[in-house]
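A.B. asks: File name upload.pdb; file contents PDB, C-alpha atoms and all ligand atoms; full text below.
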```
ATOM      1  CA  MET G1370     -15.921  33.477  30.478  1.00  0.00           C
ATOM      2  CA  LYS G1371     -17.023  31.325  27.580  1.00  0.00           C
ATOM      3  CA  LYS G1372     -15.664  27.805  27.492  1.00  0.00           C
ATOM      4  CA  THR G1373     -13.896  26.370  24.465  1.00  0.00           C
ATOM      5  CA  GLY G1374     -13.559  22.669  23.723  1.00  0.00           C
ATOM      6  CA  LEU G1375     -11.168  21.323  21.108  1.00  0.00           C
ATOM      7  CA  PHE G1376     -12.302  17.977  19.673  1.00  0.00           C
ATOM      8  CA  TYR G1377     -10.138  15.709  17.563  1.00  0.00           C
ATOM      9  CA  GLY G1378      -9.118  12.086  17.235  1.00  0.00           C
ATOM     10  CA  VAL G1379      -5.998  11.291  19.215  1.00  0.00           C
ATOM     11  CA  ASN G1380      -5.519   8.212  17.026  1.00  0.00           C
ATOM     12  CA  THR G1381      -5.050  10.361  13.935  1.00  0.00           C
ATOM     13  CA  LYS G1382      -1.494  11.420  14.596  1.00  0.00           C
ATOM     14  CA  LYS G1383      -1.037  14.499  12.446  1.00  0.00           C
ATOM     15  CA  THR G1384      -4.435  15.875  13.443  1.00  0.00           C
ATOM     16  CA  ALA G1385      -3.509  15.399  17.100  1.00  0.00           C
ATOM     17  CA  GLN G1386      -0.243  17.246  16.576  1.00  0.00           C
ATOM     18  CA  ILE G1387      -2.078  20.164  14.921  1.00  0.00           C
ATOM     19  CA  GLY G1388      -4.722  20.158  17.659  1.00  0.00           C
ATOM     20  CA  LYS G1389      -2.035  20.704  20.264  1.00  0.00           C
ATOM     21  CA  GLN G1390      -0.513  23.519  18.221  1.00  0.00           C
ATOM     22  CA  ILE G1391      -3.926  25.211  18.025  1.00  0.00           C
ATOM     23  CA  GLN G1392      -4.417  24.824  21.784  1.00  0.00           C
ATOM     24  CA  GLU G1393      -0.971  26.357  22.409  1.00  0.00           C
ATOM     25  CA  ALA G1394      -1.770  29.275  20.091  1.00  0.00           C
ATOM     26  CA  PHE G1395      -4.803  30.078  22.270  1.00  0.00           C
ATOM     27  CA  GLY G1396      -2.977  29.424  25.548  1.00  0.00           C
ATOM     28  CA  THR G1397      -3.312  25.940  27.057  1.00  0.00           C
ATOM     29  CA  ASP G1398      -5.521  27.120  29.931  1.00  0.00           C
ATOM     30  CA  GLN G1399      -8.009  28.675  27.483  1.00  0.00           C
ATOM     31  CA  VAL G1400      -8.992  25.515  25.633  1.00  0.00           C
ATOM     32  CA  ASP G1401      -9.855  21.971  26.828  1.00  0.00           C
ATOM     33  CA  ILE G1402      -8.896  19.053  24.621  1.00  0.00           C
ATOM     34  CA  VAL G1403     -11.561  16.345  24.285  1.00  0.00           C
ATOM     35  CA  PRO G1404     -10.487  13.197  22.390  1.00  0.00           C
ATOM     36  CA  ILE G1405     -13.385  12.282  20.114  1.00  0.00           C
ATOM     37  CA  GLU G1406     -12.677   8.634  20.824  1.00  0.00           C
ATOM     38  CA  GLU G1407     -14.088   9.392  24.295  1.00  0.00           C
ATOM     39  CA  ALA G1408     -16.517  12.205  23.489  1.00  0.00           C
ATOM     40  CA  TRP G1409     -20.136  12.034  24.609  1.00  0.00           C
ATOM     41  CA  LYS G1410     -23.124  14.139  23.719  1.00  0.00           C
ATOM     42  CA  THR G1411     -22.693  16.081  26.958  1.00  0.00           C
ATOM     43  CA  ASP G1412     -19.138  17.046  26.007  1.00  0.00           C
ATOM     44  CA  PHE G1413     -20.392  18.864  22.920  1.00  0.00           C
ATOM     45  CA  GLU G1414     -23.218  20.480  24.857  1.00  0.00           C
ATOM     46  CA  HIS G1415     -20.885  21.584  27.678  1.00  0.00           C
ATOM     47  CA  TYR G1416     -18.937  24.132  25.620  1.00  0.00           C
ATOM     48  CA  ASP G1417     -20.000  27.508  24.178  1.00  0.00           C
ATOM     49  CA  ASN G1418     -17.305  27.496  21.508  1.00  0.00           C
ATOM     50  CA  LEU G1419     -16.141  24.351  19.786  1.00  0.00           C
ATOM     51  CA  ILE G1420     -13.111  23.654  17.619  1.00  0.00           C
ATOM     52  CA  VAL G1421     -13.373  20.355  15.774  1.00  0.00           C
ATOM     53  CA  GLY G1422     -10.681  18.786  13.627  1.00  0.00           C
ATOM     54  CA  ALA G1423     -10.271  15.811  11.357  1.00  0.00           C
ATOM     55  CA  SER G1424      -8.164  14.540   8.500  1.00  0.00           C
ATOM     56  CA  THR G1425      -9.783  13.101   5.380  1.00  0.00           C
ATOM     57  CA  TRP G1426      -9.318   9.427   4.605  1.00  0.00           C
ATOM     58  CA  PHE G1427     -10.657   6.774   2.251  1.00  0.00           C
ATOM     59  CA  ASP G1428     -11.106   9.148  -0.735  1.00  0.00           C
ATOM     60  CA  GLY G1429     -13.278  11.772   0.846  1.00  0.00           C
ATOM     61  CA  GLU G1430     -14.431  10.204   4.122  1.00  0.00           C
ATOM     62  CA  LEU G1431     -13.895  11.052   7.770  1.00  0.00           C
ATOM     63  CA  PRO G1432     -11.593   8.795   9.789  1.00  0.00           C
ATOM     64  CA  THR G1433     -13.184   6.164  12.032  1.00  0.00           C
ATOM     65  CA  TYR G1434     -14.641   7.529  15.289  1.00  0.00           C
ATOM     66  CA  TRP G1435     -15.677  10.814  13.694  1.00  0.00           C
ATOM     67  CA  ASP G1436     -17.479   8.782  11.092  1.00  0.00           C
ATOM     68  CA  GLU G1437     -19.262   6.783  13.790  1.00  0.00           C
ATOM     69  CA  LEU G1438     -20.155   9.924  15.759  1.00  0.00           C
ATOM     70  CA  ILE G1439     -21.940  11.716  12.912  1.00  0.00           C
ATOM     71  CA  PRO G1440     -25.384  10.064  13.364  1.00  0.00           C
ATOM     72  CA  GLU G1441     -25.371  11.073  17.045  1.00  0.00           C
ATOM     73  CA  LEU G1442     -24.009  14.548  16.350  1.00  0.00           C
ATOM     74  CA  VAL G1443     -26.766  15.512  13.932  1.00  0.00           C
ATOM     75  CA  SER G1444     -29.375  14.658  16.575  1.00  0.00           C
ATOM     76  CA  LEU G1445     -27.935  17.100  19.160  1.00  0.00           C
ATOM     77  CA  ASP G1446     -29.221  20.600  19.786  1.00  0.00           C
ATOM     78  CA  LEU G1447     -26.152  22.792  19.419  1.00  0.00           C
ATOM     79  CA  SER G1448     -27.998  26.012  18.665  1.00  0.00           C
ATOM     80  CA  GLY G1449     -26.216  29.057  20.052  1.00  0.00           C
ATOM     81  CA  LYS G1450     -22.820  27.373  19.782  1.00  0.00           C
ATOM     82  CA  LYS G1451     -20.102  28.650  17.486  1.00  0.00           C
ATOM     83  CA  VAL G1452     -18.144  25.885  15.823  1.00  0.00           C
ATOM     84  CA  ALA G1453     -14.794  26.240  14.032  1.00  0.00           C
ATOM     85  CA  ILE G1454     -13.529  23.361  11.915  1.00  0.00           C
ATOM     86  CA  PHE G1455      -9.984  22.471  10.896  1.00  0.00           C
ATOM     87  CA  GLY G1456      -9.038  19.759   8.453  1.00  0.00           C
ATOM     88  CA  LEU G1457      -5.958  18.020   7.128  1.00  0.00           C
ATOM     89  CA  GLY G1458      -5.651  16.722   3.597  1.00  0.00           C
ATOM     90  CA  ASP G1459      -3.323  16.164   0.674  1.00  0.00           C
ATOM     91  CA  GLN G1460      -4.164  18.372  -2.316  1.00  0.00           C
ATOM     92  CA  ALA G1461      -1.646  16.711  -4.662  1.00  0.00           C
ATOM     93  CA  GLY G1462      -2.563  13.129  -3.754  1.00  0.00           C
ATOM     94  CA  TYR G1463      -6.339  13.611  -3.529  1.00  0.00           C
ATOM     95  CA  PRO G1464      -7.190  16.651  -5.722  1.00  0.00           C
ATOM     96  CA  ASP G1465     -10.806  15.504  -6.262  1.00  0.00           C
ATOM     97  CA  ASN G1466     -11.584  14.907  -2.564  1.00  0.00           C
ATOM     98  CA  PHE G1467      -9.362  17.495  -0.944  1.00  0.00           C
ATOM     99  CA  VAL G1468     -10.246  17.856   2.782  1.00  0.00           C
ATOM    100  CA  ASP G1469     -13.802  16.640   2.137  1.00  0.00           C
ATOM    101  CA  GLY G1470     -13.998  15.806   5.855  1.00  0.00           C
ATOM    102  CA  VAL G1471     -14.300  19.524   6.637  1.00  0.00           C
ATOM    103  CA  GLY G1472     -17.459  19.696   4.508  1.00  0.00           C
ATOM    104  CA  ILE G1473     -18.907  16.570   6.132  1.00  0.00           C
ATOM    105  CA  LEU G1474     -18.332  18.028   9.613  1.00  0.00           C
ATOM    106  CA  ALA G1475     -19.779  21.382   8.520  1.00  0.00           C
ATOM    107  CA  ASP G1476     -22.998  19.725   7.307  1.00  0.00           C
ATOM    108  CA  ALA G1477     -23.334  17.716  10.525  1.00  0.00           C
ATOM    109  CA  PHE G1478     -22.818  20.665  12.883  1.00  0.00           C
ATOM    110  CA  GLU G1479     -25.192  22.831  10.863  1.00  0.00           C
ATOM    111  CA  LEU G1480     -27.834  20.096  11.041  1.00  0.00           C
ATOM    112  CA  ALA G1481     -27.362  20.155  14.819  1.00  0.00           C
ATOM    113  CA  GLY G1482     -28.131  23.889  14.752  1.00  0.00           C
ATOM    114  CA  ALA G1483     -24.637  25.260  15.382  1.00  0.00           C
ATOM    115  CA  THR G1484     -23.229  28.394  13.760  1.00  0.00           C
ATOM    116  CA  LEU G1485     -20.036  27.883  11.780  1.00  0.00           C
ATOM    117  CA  VAL G1486     -17.151  30.354  12.121  1.00  0.00           C
ATOM    118  CA  GLY G1487     -13.550  30.501  10.929  1.00  0.00           C
ATOM    119  CA  PHE G1488     -14.002  30.336   7.151  1.00  0.00           C
ATOM    120  CA  THR G1489     -10.812  30.924   5.158  1.00  0.00           C
ATOM    121  CA  SER G1490      -9.684  31.769   1.630  1.00  0.00           C
ATOM    122  CA  THR G1491      -8.935  29.027  -0.939  1.00  0.00           C
ATOM    123  CA  GLU G1492      -6.123  31.151  -2.379  1.00  0.00           C
ATOM    124  CA  GLY G1493      -2.739  29.457  -2.319  1.00  0.00           C
ATOM    125  CA  TYR G1494      -4.151  25.914  -2.633  1.00  0.00           C
ATOM    126  CA  ASP G1495      -4.255  23.846  -5.842  1.00  0.00           C
ATOM    127  CA  PHE G1496      -6.969  21.162  -6.182  1.00  0.00           C
ATOM    128  CA  ASN G1497      -9.945  20.241  -8.404  1.00  0.00           C
ATOM    129  CA  LYS G1498     -12.821  19.574  -6.074  1.00  0.00           C
ATOM    130  CA  SER G1499     -13.640  19.730  -2.369  1.00  0.00           C
ATOM    131  CA  ARG G1500     -16.699  19.397  -0.153  1.00  0.00           C
ATOM    132  CA  ALA G1501     -14.963  21.874   2.156  1.00  0.00           C
ATOM    133  CA  VAL G1502     -15.695  24.777  -0.237  1.00  0.00           C
ATOM    134  CA  ARG G1503     -18.813  26.944  -0.170  1.00  0.00           C
ATOM    135  CA  ASN G1504     -19.107  30.309  -1.938  1.00  0.00           C
ATOM    136  CA  ASN G1505     -15.416  30.143  -2.889  1.00  0.00           C
ATOM    137  CA  GLN G1506     -14.322  29.817   0.730  1.00  0.00           C
ATOM    138  CA  PHE G1507     -13.182  26.915   2.870  1.00  0.00           C
ATOM    139  CA  LEU G1508     -15.604  26.188   5.701  1.00  0.00           C
ATOM    140  CA  GLY G1509     -12.699  26.181   8.163  1.00  0.00           C
ATOM    141  CA  LEU G1510      -8.911  26.034   8.403  1.00  0.00           C
ATOM    142  CA  VAL G1511      -7.331  23.760   5.808  1.00  0.00           C
ATOM    143  CA  LEU G1512      -3.837  22.357   6.334  1.00  0.00           C
ATOM    144  CA  ASP G1513      -1.765  20.231   3.990  1.00  0.00           C
ATOM    145  CA  LEU G1514       1.227  18.764   5.806  1.00  0.00           C
ATOM    146  CA  GLU G1515       2.279  16.706   2.796  1.00  0.00           C
ATOM    147  CA  ASN G1516       2.689  19.617   0.385  1.00  0.00           C
ATOM    148  CA  GLN G1517       2.613  22.887   2.332  1.00  0.00           C
ATOM    149  CA  SER G1518       3.940  22.145   5.819  1.00  0.00           C
ATOM    150  CA  ASP G1519       5.983  25.355   5.722  1.00  0.00           C
ATOM    151  CA  LEU G1520       2.717  27.358   5.747  1.00  0.00           C
ATOM    152  CA  THR G1521       1.139  25.537   8.705  1.00  0.00           C
ATOM    153  CA  ALA G1522       2.352  27.741  11.581  1.00  0.00           C
ATOM    154  CA  LYS G1523       1.372  30.931   9.756  1.00  0.00           C
ATOM    155  CA  ARG G1524      -2.072  29.549   8.845  1.00  0.00           C
ATOM    156  CA  ILE G1525      -2.758  28.454  12.436  1.00  0.00           C
ATOM    157  CA  ALA G1526      -1.699  31.815  13.877  1.00  0.00           C
ATOM    158  CA  ALA G1527      -3.934  33.764  11.469  1.00  0.00           C
ATOM    159  CA  TRP G1528      -6.907  31.452  12.129  1.00  0.00           C
ATOM    160  CA  VAL G1529      -6.617  31.657  15.918  1.00  0.00           C
ATOM    161  CA  LYS G1530      -6.516  35.442  15.656  1.00  0.00           C
ATOM    162  CA  GLN G1531      -9.620  35.345  13.420  1.00  0.00           C
ATOM    163  CA  LEU G1532     -11.500  33.034  15.837  1.00  0.00           C
ATOM    164  CA  LYS G1533     -10.785  35.244  18.848  1.00  0.00           C
ATOM    165  CA  LYS G1534     -12.391  38.085  16.908  1.00  0.00           C
ATOM    166  CA  GLU G1535     -15.381  36.087  15.587  1.00  0.00           C
ATOM    167  CA  TRP G1536     -16.116  34.546  18.977  1.00  0.00           C
ATOM    168  CA  ALA G1537     -16.125  37.962  20.578  1.00  0.00           C
ATOM    169  CA  GLU G1538     -18.790  39.234  18.127  1.00  0.00           C
TER     170      GLU G1538
HETATM  171  C1  LIG X   1      -5.427   5.953   2.661  1.00  0.00           C
HETATM  172  C2  LIG X   1      -5.435   7.465   2.660  1.00  0.00           C
HETATM  173  C3  LIG X   1      -6.506   8.135   2.098  1.00  0.00           C
HETATM  174  C4  LIG X   1      -6.538   9.549   2.072  1.00  0.00           C
HETATM  175  N1  LIG X   1      -7.591  10.198   1.483  1.00  0.00           N
HETATM  176  C5  LIG X   1      -7.580  11.546   1.416  1.00  0.00           C
HETATM  177  C6  LIG X   1      -8.624  12.257   0.765  1.00  0.00           C
HETATM  178  O1  LIG X   1      -9.594  11.684   0.251  1.00  0.00           O
HETATM  179  N2  LIG X   1      -8.568  13.614   0.722  1.00  0.00           N
HETATM  180  C7  LIG X   1      -7.529  14.332   1.272  1.00  0.00           C
HETATM  181  O2  LIG X   1      -7.522  15.553   1.198  1.00  0.00           O
HETATM  182  N3  LIG X   1      -6.506  13.683   1.897  1.00  0.00           N
HETATM  183  C8  LIG X   1      -6.499  12.328   1.976  1.00  0.00           C
HETATM  184  N4  LIG X   1      -5.475  11.674   2.614  1.00  0.00           N
HETATM  185  C9  LIG X   1      -4.366  12.470   3.198  1.00  0.00           C
HETATM  186  C10 LIG X   1      -4.504  12.641   4.699  1.00  0.00           C
HETATM  187  O3  LIG X   1      -5.688  13.340   5.046  1.00  0.00           O
HETATM  188  C11 LIG X   1      -3.295  13.418   5.227  1.00  0.00           C
HETATM  189  O4  LIG X   1      -2.155  12.635   5.038  1.00  0.00           O
HETATM  190  C12 LIG X   1      -3.403  13.828   6.675  1.00  0.00           C
HETATM  191  O5  LIG X   1      -2.311  14.665   6.985  1.00  0.00           O
HETATM  192  C13 LIG X   1      -3.424  12.631   7.622  1.00  0.00           C
HETATM  193  O6  LIG X   1      -3.608  13.091   8.948  1.00  0.00           O
HETATM  194  P1  LIG X   1      -3.820  12.047  10.174  1.00  0.00           P
HETATM  195  O7  LIG X   1      -2.504  11.358  10.371  1.00  0.00           O
HETATM  196  O8  LIG X   1      -4.144  12.911  11.339  1.00  0.00           O
HETATM  197  O9  LIG X   1      -4.922  11.145   9.794  1.00  0.00           O
HETATM  198  C14 LIG X   1      -5.441  10.276   2.639  1.00  0.00           C
HETATM  199  C15 LIG X   1      -4.375   9.586   3.221  1.00  0.00           C
HETATM  200  C16 LIG X   1      -4.348   8.191   3.222  1.00  0.00           C
HETATM  201  C17 LIG X   1      -3.166   7.490   3.845  1.00  0.00           C
END
```
Spell out the structure here as structure tokens.
C.D. replies:
Amino acid sequence: MKKTGLFYGVNTKKTAQIGKQIQEAFGTDQVDIVPIEEAWKTDFEHYDNLIVGASTWFDGELPTYWDELIPELVSLDLSGKKVAIFGLGDQAGYPDNFVDGVGILADAFELAGATLVGFTSTEGYDFNKSRAVRNNQFLGLVLDLENQSDLTAKRIAAWVKQLKKEWAE
């Protein structure tokens, strides 16, 4: 069976909470959690399917740790791996940089040769600009706990269902 690793920063509290919810939606024995604070090159190379998550901070930047990992990430060979990204942001507070971290991660994993999966619709969100958007779609799952927390469970469930399908293809 293919192995799935779920990478996120345990120091970013809301992201960590969402990461656990995503793991539970898959079934805890199906997905390993790897804190990015402790992640090494071999951890990324070890898994066939990767789920990576981050919030956006500092007006459109990744939080520390992810930020520091990017130069190493882009130098890896992750060809053949299917990567799904989730991101947290605040569309009302940061409408010009909404979940930019998703776009930064997408660029890095593509540079490393990975295939991105798990794109979602931008319908139902209200913002001006985002690096997470390509061809009118988000490059992953986008969650806004500040303004749309009531939609989080439904969005996670639909995304996990979508990933199971895309990873089987
Ligand atoms: C100082 C600061 C800067 C932020 N910058 C952005 C931003 O540029 N874009 C965005 O979408 N959200 C931004 N946010 C919102 C966070 O991404 C959001 O609150 C997220 O849920 C935090 O998750 P975490 O606790 O896992 O880091 C910012 C929040 C703070 C406190």
A.B. asks: Distance limit 6 Å, reference ligand LIG 1 (chain X), atoms considered: all atoms listed in the file. Which residues make the cut? Give them as a list in words.
C.D. replies: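 Listed by chain and ascending number, the contacts are Thr1381, Lys1382, Lys1383, Thr1384, Ser1424, Thr1425, Trp1426, Phe1427, Asp1428, Gly1429, Leu1457, Gly1458, Asp1459, Gln1460, Tyr1463, Asn1466, Phe1467, Val1468 and Leu1514 of chain G.
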A.B. asks: Hey, which of G:Asp1398, G:Glu1407, G:Glu1479, G:Asp1417 ends up closest to Gly1374 in chain G? Count only C-alpha atoms.
C.D. replies: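 Distance minimum relative to Gly1374 in chain G lands on G:Asp1417.
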A.B. asks: So which residues get picked by the PyMOL selection byres (((chain G and resi 1494) around 10) and not hetatm) here, written as a ChimeraX atom specification?
C.D. replies: /G:1460-1461,1490-1493,1495-1497,1511-1513,1516-1517
A.B. asks: Calculated over all atoms listed in the file, which of the candidates G:Asp1401, G:Glu1414, G:Glu1515, G:Glu1393 has the smallest distance to Lys1451 in chain G?
C.D. replies: G:Glu1414
A.B. asks: In Å, rounded to a single decimal, give me how far CA of Trp1435 in chain G is from CA of Gly1422 in chain G.
C.D. replies: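 CA of Gly1422 in chain G sits 9.4 Å away from CA of Trp1435 in chain G.
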A.B. asks: From the set G:Phe1455, G:Gln1399, G:Ala1537, G:Leu1442, which residue has the shortest atom-to-atom contact distance to Ala1385 in chain G, counting only C-alpha atoms?
C.D. replies: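 That would be G:Phe1455, the residue with the smallest distance to Ala1385 in chain G.
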A.B. asks: Could you list the residues chosen by the PyMOL selection byres (((chain G and resi 1482) around 7) and not hetatm) in this structure as a PyMOL selection string?
C.D. replies: chain G and resi 1446-1448+1478-1481+1483-1484
A.B. asks: Considering all atoms listed in the file, can you say which of G:Glu1538, G:Asp1519, G:Asp1469, G:Glu1430 comes closest to Phe1507 in chain G?
C.D. replies: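 Of G:Glu1538, G:Asp1519, G:Asp1469, G:Glu1430, the one nearest Phe1507 in chain G, counting all atoms listed in the file, is G:Asp1469.
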A.B. asks: Rounded to one decimal in Å, what is the spacing between CA of Lys1371 in chain G and CA of Ala1475 in chain G?
C.D. replies: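 CA of Ala1475 in chain G lies at a distance of 21.7 Å from CA of Lys1371 in chain G.
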A.B. asks: How many Å lie between CA of Pro1432 in chain G and CA of Val1403 in chain G, rounded to one decimal?
C.D. replies: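 Pair CA of Pro1432 in chain G / CA of Val1403 in chain G returns 16.3 Å.
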